[in-house]
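*Asks:* Pasting upload32.cif here (mmCIF, C-alpha atoms):
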```cif
data_data
loop_
_atom_site.label_atom_id
_atom_site.label_comp_id
_atom_site.auth_asym_id
_atom_site.auth_seq_id
_atom_site.Cartn_x
_atom_site.Cartn_y
_atom_site.Cartn_z
CA MET A 935 22.13 -10.83 -109.37
CA THR A 936 25.91 -11.23 -109.24
CA ALA A 937 27.70 -14.31 -108.03
CA THR A 938 27.98 -12.74 -104.59
CA ARG A 939 24.22 -12.06 -104.36
CA LYS A 940 22.34 -15.29 -104.93
CA PRO A 941 18.55 -15.22 -104.74
CA LEU A 942 16.96 -17.42 -102.12
CA ALA A 943 15.69 -20.78 -103.33
CA LEU A 944 12.86 -23.10 -102.31
CA ASP A 945 14.89 -24.85 -99.63
CA ASP A 946 15.91 -21.49 -98.11
CA LEU A 947 12.33 -20.21 -97.82
CA ALA A 948 10.62 -23.50 -96.89
CA PRO A 949 10.98 -23.02 -93.10
CA LEU A 950 9.54 -19.49 -93.29
CA ALA A 951 6.65 -20.66 -95.47
CA ARG A 952 5.90 -23.52 -93.08
CA ALA A 953 5.86 -21.16 -90.11
CA ALA A 954 3.52 -18.77 -91.93
CA ALA A 955 1.13 -21.33 -93.46
CA GLY A 956 1.30 -24.13 -90.91
CA PRO A 957 2.94 -27.56 -90.91
CA HIS A 958 0.20 -29.06 -93.12
CA ARG A 959 1.33 -26.94 -96.11
CA THR A 960 4.42 -27.46 -98.26
CA LEU A 961 6.27 -24.85 -100.30
CA SER A 962 6.18 -25.82 -103.97
CA GLY A 963 7.55 -22.76 -105.79
CA VAL A 964 9.54 -19.56 -105.31
CA THR A 965 9.91 -16.58 -107.66
CA ARG A 966 11.99 -13.51 -106.86
CA LEU A 967 10.03 -10.45 -107.94
CA ARG A 968 11.81 -7.65 -109.80
CA GLY A 969 12.30 -4.10 -108.59
CA GLY A 970 13.48 -4.41 -105.01
CA THR A 971 16.66 -2.55 -104.08
CA LYS A 972 16.38 -2.59 -100.27
CA LYS A 973 14.85 -6.00 -99.54
CA GLY A 974 14.21 -9.28 -101.26
CA VAL A 975 10.64 -9.83 -102.45
CA TYR A 976 9.62 -13.41 -103.27
CA ARG A 977 6.30 -14.87 -104.37
CA ILE A 978 5.91 -18.21 -102.64
CA THR A 979 3.51 -20.88 -103.91
CA LEU A 980 2.17 -23.58 -101.63
CA ASP A 981 1.13 -27.11 -102.51
CA ASP A 982 -2.56 -26.15 -102.54
CA GLY A 983 -1.93 -23.50 -105.20
CA SER A 984 -2.26 -20.55 -102.83
CA THR A 985 0.36 -17.83 -102.90
CA ALA A 986 1.85 -15.23 -100.58
CA VAL A 987 4.78 -12.82 -100.71
CA ALA A 988 7.87 -13.05 -98.52
CA TYR A 989 9.92 -10.00 -97.63
CA VAL A 990 13.54 -10.58 -96.60
CA TRP A 991 15.73 -7.87 -95.10
CA SER A 992 19.41 -8.76 -95.32
CA ALA A 993 22.67 -7.27 -96.50
CA ASP A 994 22.59 -9.56 -99.54
CA GLU A 995 19.20 -8.14 -100.59
CA ASP A 996 20.05 -4.45 -99.97
CA TYR A 997 21.91 -2.97 -102.94
CA TRP A 998 22.33 0.40 -101.25
CA ASP A 999 24.77 -0.97 -98.67
CA ALA A 1000 23.82 1.98 -96.48
CA GLY A 1001 24.01 0.20 -93.14
CA PRO A 1002 21.44 0.62 -90.38
CA SER A 1003 18.79 3.30 -90.88
CA ASP A 1004 19.04 6.40 -88.69
CA LEU A 1005 15.58 6.36 -87.15
CA ARG A 1006 15.77 10.02 -86.10
CA ASP A 1007 16.41 11.16 -89.66
CA PRO A 1008 12.99 11.43 -91.38
CA LEU A 1009 14.43 10.83 -94.86
CA SER A 1010 17.07 8.26 -94.02
CA HIS A 1011 17.41 4.91 -95.76
CA GLY A 1012 14.06 3.39 -94.75
CA THR A 1013 14.36 -0.37 -94.51
CA GLY A 1014 13.89 -3.11 -91.97
CA LEU A 1015 11.23 -5.28 -90.38
CA ASP A 1016 10.66 -2.85 -87.49
CA LEU A 1017 9.91 0.00 -89.87
CA PHE A 1018 7.68 -2.26 -91.95
CA THR A 1019 5.56 -3.50 -89.05
CA ALA A 1020 5.19 0.01 -87.60
CA ALA A 1021 4.07 1.31 -91.01
CA HIS A 1022 1.72 -1.63 -91.57
CA ASP A 1023 0.06 -1.09 -88.19
CA ARG A 1024 -0.30 2.65 -88.78
CA LEU A 1025 -1.81 2.24 -92.24
CA SER A 1026 -4.22 -0.41 -90.98
CA ALA A 1027 -5.33 1.87 -88.16
CA ALA A 1028 -5.84 4.70 -90.65
CA GLY A 1029 -7.99 2.50 -92.88
CA VAL A 1030 -5.52 2.59 -95.79
CA ARG A 1031 -5.17 -0.67 -97.73
CA THR A 1032 -1.84 -2.46 -97.77
CA PRO A 1033 -1.15 -6.20 -98.15
CA ARG A 1034 -2.19 -7.96 -94.95
CA LEU A 1035 0.65 -9.07 -92.71
CA LEU A 1036 0.38 -12.85 -92.29
CA TYR A 1037 3.56 -13.61 -90.37
CA SER A 1038 6.73 -11.86 -89.21
CA ASP A 1039 9.95 -13.14 -87.69
CA ALA A 1040 12.47 -10.83 -86.06
CA THR A 1041 14.21 -13.73 -84.29
CA ARG A 1042 15.86 -15.05 -87.49
CA THR A 1043 14.62 -18.52 -86.58
CA HIS A 1044 13.63 -19.50 -90.12
CA LEU A 1045 16.16 -17.47 -92.13
CA PRO A 1046 19.45 -15.75 -91.26
CA ALA A 1047 17.60 -12.46 -91.76
CA ASP A 1048 14.49 -10.62 -90.59
CA ALA A 1049 11.51 -11.67 -92.68
CA ALA A 1050 7.77 -11.29 -93.11
CA VAL A 1051 5.05 -12.96 -95.16
CA VAL A 1052 2.20 -10.87 -96.54
CA GLU A 1053 -0.89 -11.31 -98.66
CA ASP A 1054 -0.28 -11.69 -102.38
CA VAL A 1055 -2.29 -8.91 -104.04
CA THR A 1056 -2.81 -10.43 -107.46
CA GLY A 1057 -4.25 -7.73 -109.73
CA GLY A 1058 -0.90 -6.41 -110.93
CA SER A 1059 0.47 -2.93 -110.34
CA LEU A 1060 -1.21 0.37 -111.08
CA ALA A 1061 1.77 1.16 -113.33
CA GLN A 1062 0.94 -1.85 -115.50
CA ALA A 1063 -2.75 -0.96 -115.59
CA LEU A 1064 -2.07 2.64 -116.61
CA GLU A 1065 0.27 1.51 -119.37
CA ARG A 1066 -1.98 -1.19 -120.80
CA HIS A 1067 -5.48 0.19 -120.28
CA PRO A 1068 -5.32 3.82 -119.08
CA ASP A 1069 -9.04 4.46 -119.49
CA ALA A 1070 -10.02 1.36 -117.54
CA ALA A 1071 -7.40 2.15 -114.89
CA ARG A 1072 -8.98 5.54 -114.19
CA ALA A 1073 -11.36 3.97 -111.66
CA SER A 1074 -8.38 2.58 -109.70
CA LEU A 1075 -6.65 5.94 -109.93
CA ASP A 1076 -9.72 7.64 -108.46
CA LEU A 1077 -9.78 5.09 -105.65
CA LEU A 1078 -6.11 5.84 -104.98
CA ALA A 1079 -6.89 9.57 -104.81
CA ALA A 1080 -9.53 8.87 -102.16
CA GLN A 1081 -7.09 6.65 -100.26
CA LEU A 1082 -4.43 9.37 -100.34
CA ALA A 1083 -6.91 11.91 -99.01
CA GLU A 1084 -7.60 9.52 -96.12
CA LEU A 1085 -3.88 8.98 -95.54
CA HIS A 1086 -3.02 12.68 -95.60
CA ALA A 1087 -5.88 13.55 -93.25
CA HIS A 1088 -4.01 11.83 -90.42
CA GLN A 1089 -1.53 14.04 -88.61
CA GLY A 1090 1.29 13.40 -86.18
CA PRO A 1091 2.44 15.36 -83.12
CA THR A 1092 5.74 16.05 -84.90
CA PHE A 1093 7.42 15.02 -88.13
CA GLY A 1094 9.48 11.90 -88.63
CA LYS A 1095 9.24 8.20 -89.36
CA VAL A 1096 6.15 6.50 -88.00
CA ALA A 1097 8.29 4.00 -86.08
CA LEU A 1098 9.89 6.93 -84.23
CA VAL A 1099 6.98 9.33 -83.73
CA ASP A 1100 4.37 6.74 -82.74
CA ASN A 1101 6.74 5.61 -79.98
CA GLY A 1102 7.19 9.12 -78.60
CA GLY A 1103 10.47 9.95 -80.36
CA THR A 1104 11.56 13.21 -81.93
CA PRO A 1105 13.50 13.81 -85.16
CA SER A 1106 17.03 15.14 -85.34
CA ALA A 1107 16.14 17.88 -87.86
CA ARG A 1108 14.64 21.24 -86.84
CA SER A 1109 11.90 21.23 -89.48
CA CYS A 1110 10.81 19.43 -92.63
CA GLU A 1111 12.09 22.22 -94.85
CA GLN A 1112 15.45 22.34 -93.05
CA ARG A 1113 15.93 18.58 -93.48
CA VAL A 1114 15.05 18.81 -97.18
CA THR A 1115 17.44 21.76 -97.65
CA ASP A 1116 20.32 20.05 -95.86
CA GLY A 1117 19.75 16.92 -97.95
CA ALA A 1118 19.66 18.92 -101.19
CA LEU A 1119 22.95 20.63 -100.38
CA ARG A 1120 24.57 17.27 -99.60
CA ASP A 1121 23.21 15.87 -102.86
CA ILE A 1122 24.75 18.79 -104.78
CA ASP A 1123 28.12 18.02 -103.19
CA GLU A 1124 27.83 14.41 -104.37
CA ILE A 1125 26.60 15.19 -107.86
CA VAL A 1126 29.17 17.85 -108.81
CA VAL A 1127 32.08 15.41 -108.47
CA ARG A 1128 30.34 13.01 -110.85
CA ASP A 1129 29.01 15.26 -113.61
CA PRO A 1130 30.67 18.31 -115.21
CA ARG A 1131 27.30 19.93 -116.01
CA ALA A 1132 26.39 19.91 -112.33
CA ALA A 1133 29.87 21.16 -111.40
CA ALA A 1134 29.46 24.13 -113.75
CA ALA A 1135 26.09 24.95 -112.19
CA ARG A 1136 27.09 24.38 -108.56
CA GLU A 1137 26.72 28.00 -107.51
CA GLN A 1138 23.31 28.37 -109.16
CA LEU A 1139 22.07 25.12 -107.63
CA THR A 1140 23.28 26.00 -104.14
CA ASP A 1141 22.05 29.59 -104.23
CA THR A 1142 18.64 28.55 -105.53
CA VAL A 1143 18.16 25.91 -102.84
CA ARG A 1144 18.99 28.45 -100.13
CA ALA A 1145 16.77 31.13 -101.65
CA LEU A 1146 13.83 28.74 -101.92
CA MET A 1147 14.36 27.67 -98.32
CA ALA A 1148 14.32 31.30 -97.17
CA ALA A 1149 10.88 31.79 -98.73
CA VAL A 1150 9.25 28.93 -96.80
CA ARG A 1151 7.15 29.94 -93.80
CA PRO A 1152 7.14 27.83 -90.60
CA ARG A 1153 4.51 25.16 -90.17
CA THR A 1154 3.50 22.81 -87.36
CA ARG A 1155 1.08 20.55 -89.29
CA HIS A 1156 2.55 17.20 -90.35
CA ALA A 1157 0.55 14.74 -92.45
CA LEU A 1158 0.95 10.99 -92.75
CA ILE A 1159 2.60 10.30 -96.13
CA HIS A 1160 4.03 7.30 -97.97
CA GLY A 1161 7.11 9.22 -99.09
CA GLU A 1162 7.98 7.33 -102.31
CA LEU A 1163 4.64 6.60 -103.90
CA GLY A 1164 4.83 5.81 -107.60
CA PRO A 1165 2.38 3.70 -109.62
CA ASP A 1166 4.72 0.71 -109.22
CA HIS A 1167 4.25 0.98 -105.44
CA VAL A 1168 0.50 0.49 -105.79
CA LEU A 1169 -0.82 -3.03 -106.29
CA LEU A 1170 -4.38 -3.72 -107.38
CA THR A 1171 -6.80 -6.31 -106.09
CA PRO A 1172 -8.66 -8.31 -108.76
CA ASP A 1173 -11.53 -5.80 -108.50
CA GLY A 1174 -9.19 -2.81 -108.96
CA HIS A 1175 -8.79 -1.54 -105.41
CA PRO A 1176 -5.31 -0.13 -104.62
CA ALA A 1177 -2.99 -1.45 -101.93
CA LEU A 1178 0.19 0.45 -101.03
CA ILE A 1179 3.50 -1.40 -100.87
CA ASP A 1180 7.13 -0.49 -100.05
CA ILE A 1181 5.79 1.21 -96.95
CA GLU A 1182 8.87 1.18 -94.70
CA GLY A 1183 9.47 4.90 -95.31
CA LEU A 1184 6.01 5.88 -94.01
CA LEU A 1185 6.36 9.14 -92.09
CA TYR A 1186 4.73 12.29 -90.84
CA PHE A 1187 5.96 15.15 -93.01
CA ASP A 1188 4.87 17.97 -95.28
CA VAL A 1189 2.28 16.70 -97.71
CA GLU A 1190 4.01 18.73 -100.44
CA TRP A 1191 6.92 16.26 -100.32
CA GLU A 1192 4.48 13.51 -101.26
CA HIS A 1193 2.91 15.53 -104.04
CA VAL A 1194 6.22 16.44 -105.64
CA PHE A 1195 7.06 12.74 -105.87
CA LEU A 1196 3.57 11.88 -107.12
CA ARG A 1197 3.85 14.47 -109.87
CA ILE A 1198 7.23 13.15 -111.00
CA ARG A 1199 6.14 9.51 -111.04
CA PHE A 1200 2.54 9.71 -112.26
CA HIS A 1201 3.25 12.20 -115.09
CA GLU A 1202 0.06 12.94 -117.04
CA HIS A 1203 -2.02 10.94 -114.56
CA TYR A 1204 -1.09 13.20 -111.64
CA GLU A 1205 -4.07 15.51 -112.18
CA ALA A 1206 -6.34 12.84 -110.71
CA LEU A 1207 -4.28 12.96 -107.50
CA ARG A 1208 -3.70 16.70 -107.22
CA SER A 1209 -4.65 18.50 -104.00
CA PRO A 1210 -5.81 22.14 -104.11
CA ASP A 1211 -4.38 23.15 -100.73
CA LEU A 1212 -0.64 22.95 -101.24
CA ASP A 1213 1.98 25.54 -100.29
CA GLU A 1214 3.63 26.81 -103.48
CA ASP A 1215 6.82 27.89 -101.69
CA ARG A 1216 7.32 24.41 -100.28
CA LEU A 1217 6.53 22.86 -103.64
CA ARG A 1218 9.24 24.92 -105.33
CA LEU A 1219 11.88 23.97 -102.76
CA TYR A 1220 10.84 20.33 -102.63
CA ARG A 1221 10.64 19.96 -106.41
CA LEU A 1222 14.27 20.99 -106.87
CA ALA A 1223 15.38 18.93 -103.86
CA MET A 1224 13.54 15.86 -105.11
CA HIS A 1225 15.14 16.07 -108.54
CA LEU A 1226 18.57 16.38 -106.89
CA SER A 1227 17.81 13.38 -104.69
CA LEU A 1228 16.80 11.39 -107.78
CA VAL A 1229 20.19 12.16 -109.29
CA ALA A 1230 22.38 11.51 -106.26
CA GLY A 1231 20.54 8.37 -105.14
CA PRO A 1232 20.73 6.42 -108.41
CA LEU A 1233 24.37 7.44 -108.93
CA ARG A 1234 25.14 6.22 -105.41
CA LEU A 1235 23.38 2.93 -106.14
CA LEU A 1236 25.42 2.50 -109.32
CA ASP A 1237 28.63 2.61 -107.27
CA GLY A 1238 27.72 -0.93 -106.27
CA ASP A 1239 26.63 -4.02 -108.18
CA PHE A 1240 22.97 -3.25 -108.81
CA PRO A 1241 22.12 -5.10 -112.05
CA ASP A 1242 19.54 -2.82 -113.72
CA ARG A 1243 22.11 -0.15 -114.45
CA ALA A 1244 20.71 1.40 -117.61
CA ALA A 1245 17.38 2.21 -115.96
CA PHE A 1246 19.01 4.00 -113.04
CA ARG A 1247 21.40 5.91 -115.28
CA ALA A 1248 18.34 7.11 -117.18
CA ILE A 1249 16.64 8.19 -113.94
CA ALA A 1250 19.72 10.16 -112.90
CA GLU A 1251 20.06 11.80 -116.33
CA HIS A 1252 16.41 12.78 -116.55
CA ASN A 1253 16.39 14.35 -113.11
CA LEU A 1254 19.69 16.15 -113.60
CA VAL A 1255 18.29 17.81 -116.73
CA ARG A 1256 15.16 18.79 -114.77
CA ALA A 1257 17.15 20.17 -111.84
CA LEU A 1258 19.42 22.21 -114.10
CA GLY A 1259 16.36 23.53 -115.91
CA LEU A 1260 14.86 24.73 -112.64
CA VAL A 1261 17.91 26.94 -112.00
CA GLY A 1262 18.13 28.22 -115.58
CA CYS A 1263 21.06 26.10 -116.74
#
```
Can you give me the file's structure in the form of structure tokens?
*Replies:*
Amino acid sequence: MTATRKPLALDDLAPLARAAAGPHRTLSGVTRLRGGTKKGVYRITLDDGSTAVAYVWSADEDYWDAGPSDLRDPLSHGTGLDLFTAAHDRLSAAGVRTPRLLYSDATRTHLPADAAVVEDVTGGSLAQALERHPDAARASLDLLAAQLAELHAHQGPTFGKVALVDNGGTPSARSCEQRVTDGALRDIDEIVVRDPRAAAAREQLTDTVRALMAAVRPRTRHALIHGELGPDHVLLTPDGHPALIDIEGLLYFDVEWEHVFLRIRFHEHYEALRSPDLDEDRLRLYRLAMHLSLVAGPLRLLDGDFPDRAAFRAIAEHNLVRALGLVGC
């Protein structure tokens, strides 16, 4: 973190920990966990040796500096306690494992920010398991596939963020494919001013997005999806059962959007998660759009002071090469 973004310390989090665990417990240790770009994630250790995880939503913890999320935009910057609690409740009702919510505070009584305390799932991430012991991790991967089938079996009355749709709201976009197309075209506009290769291929990128959109047939079925599910967003219990994290973006949408992201993030392990009933036209549009999003997003993040700069430059470069390859450039 930079000098202007100081991680929270034990004294900062002690009131929240006391409210979550009770006045008989004392906070004895705090560790900020790596990887968060939208919220602060802290493992808190109590005086009896038990642990939990604190989520903190504040401007100091959000490197995107995107401002409030537009709830009516299905793919908007998904962050905030209200989105988290709505997603947690929906996943719990659907029977999909996520760390149990132990305490939440939207009143900013214990911190000058919205915060929540959740169960500490202590088996590491699925990403770590696949890297260290891929054969042994296959059982967890199969359990994740079953969990995804359960998740995707739930449908909504329309598409959009769970916090919107489950409260009777409607999205601002006309359809999933229209929202994805509009986002892809905006991403192209951002990317071409930053990279000469994209600028040279602007016409091909734009024409291909529009042609792929034209091939997509209308649909009224909208599945419950995580939206950004990589192996680092799956924690494992000590017995290898998966629990989904970073759930604020939970939404009803085309399941193909989920599968495009899964394929990008799980690489050779994706076959265990593949679904046979996907629309190829949507996959083609969403694949190109997702690669463009994974160029524009990291480059946008790097406009600020996010510290892990090399990793996000690599993400942008990899996805730009993939996007250009999809349009023959």
*Asks:* Between A:Ala1177, A:Ala1248, A:Ala954, A:Leu942, which residue has the minimum interatomic distance to Pro1033 in chain A, considering only C-alpha atoms?
*Replies:*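 Of A:Ala1177, A:Ala1248, A:Ala954, A:Leu942, the one nearest Pro1033 in chain A is A:Ala1177, counting only C-alpha atoms.
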*Asks:* Step by step: start from the point (5.8, -10.1, -97.4) in the file's coordinates, keep every protein, DNA or RNA residue that has an atom no farther than 10 Å from it, count all atoms listed in the file, and write the set as a PyMOL selection string.
*Replies:* chain A and resi 974-978+986-990+1018+1033-1038+1049-1054+1179
*Asks:* Please enumerate the residues selected by the PyMOL selection byres ((chain A and resi 1108) around 12) when evaluated against the supplied file, formatted as a ChimeraX atom specification.
*Replies:* /A:1006-1008,1092-1094,1104-1107,1109-1116,1152-1154
*Asks:* Next, the residues of the selection above should be written as a PDB file, keeping the file's coordinate frame with C-alpha atoms.
*Replies:*
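And here's selection17.pdb as it stands now:
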```pdb
ATOM      1  CA  ARG A1006      15.770  10.020 -86.100  1.00  0.00           C
ATOM      2  CA  ASP A1007      16.410  11.160 -89.660  1.00  0.00           C
ATOM      3  CA  PRO A1008      12.990  11.430 -91.380  1.00  0.00           C
ATOM      4  CA  THR A1092       5.740  16.050 -84.900  1.00  0.00           C
ATOM      5  CA  PHE A1093       7.420  15.020 -88.130  1.00  0.00           C
ATOM      6  CA  GLY A1094       9.480  11.900 -88.630  1.00  0.00           C
ATOM      7  CA  THR A1104      11.560  13.210 -81.930  1.00  0.00           C
ATOM      8  CA  PRO A1105      13.500  13.810 -85.160  1.00  0.00           C
ATOM      9  CA  SER A1106      17.030  15.140 -85.340  1.00  0.00           C
ATOM     10  CA  ALA A1107      16.140  17.880 -87.860  1.00  0.00           C
ATOM     11  CA  SER A1109      11.900  21.230 -89.480  1.00  0.00           C
ATOM     12  CA  CYS A1110      10.810  19.430 -92.630  1.00  0.00           C
ATOM     13  CA  GLU A1111      12.090  22.220 -94.850  1.00  0.00           C
ATOM     14  CA  GLN A1112      15.450  22.340 -93.050  1.00  0.00           C
ATOM     15  CA  ARG A1113      15.930  18.580 -93.480  1.00  0.00           C
ATOM     16  CA  VAL A1114      15.050  18.810 -97.180  1.00  0.00           C
ATOM     17  CA  THR A1115      17.440  21.760 -97.650  1.00  0.00           C
ATOM     18  CA  ASP A1116      20.320  20.050 -95.860  1.00  0.00           C
ATOM     19  CA  PRO A1152       7.140  27.830 -90.600  1.00  0.00           C
ATOM     20  CA  ARG A1153       4.510  25.160 -90.170  1.00  0.00           C
ATOM     21  CA  THR A1154       3.500  22.810 -87.360  1.00  0.00           C
TER      22      THR A1154
END
```
*Asks:* Using CA of Gly963 in chain A and CA of Asp945 in chain A as the two end points, give the distance in Å to one decimal.
*Replies:*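 CA of Asp945 in chain A lies at a distance of 9.8 Å from CA of Gly963 in chain A.
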*Asks:* Name the residues within 9 Å of (7.6, 10.5, -91.7), counting all atoms listed in the file in the file's coordinates, and put them as a CSV table (one decimal) with C-alpha atoms, in the coordinates of the input.
*Replies:*
```
chain,number,residue,atom,x,y,z
A,1008,PRO,CA,13.0,11.4,-91.4
A,1009,LEU,CA,14.4,10.8,-94.9
A,1090,GLY,CA,1.3,13.4,-86.2
A,1092,THR,CA,5.7,16.0,-84.9
A,1093,PHE,CA,7.4,15.0,-88.1
A,1094,GLY,CA,9.5,11.9,-88.6
A,1095,LYS,CA,9.2,8.2,-89.4
A,1096,VAL,CA,6.2,6.5,-88.0
A,1097,ALA,CA,8.3,4.0,-86.1
A,1098,LEU,CA,9.9,6.9,-84.2
A,1099,VAL,CA,7.0,9.3,-83.7
A,1156,HIS,CA,2.6,17.2,-90.4
A,1157,ALA,CA,0.6,14.7,-92.4
A,1158,LEU,CA,1.0,11.0,-92.8
A,1159,ILE,CA,2.6,10.3,-96.1
A,1160,HIS,CA,4.0,7.3,-98.0
A,1161,GLY,CA,7.1,9.2,-99.1
A,1183,GLY,CA,9.5,4.9,-95.3
A,1184,LEU,CA,6.0,5.9,-94.0
A,1185,LEU,CA,6.4,9.1,-92.1
A,1186,TYR,CA,4.7,12.3,-90.8
A,1187,PHE,CA,6.0,15.2,-93.0
A,1188,ASP,CA,4.9,18.0,-95.3
```
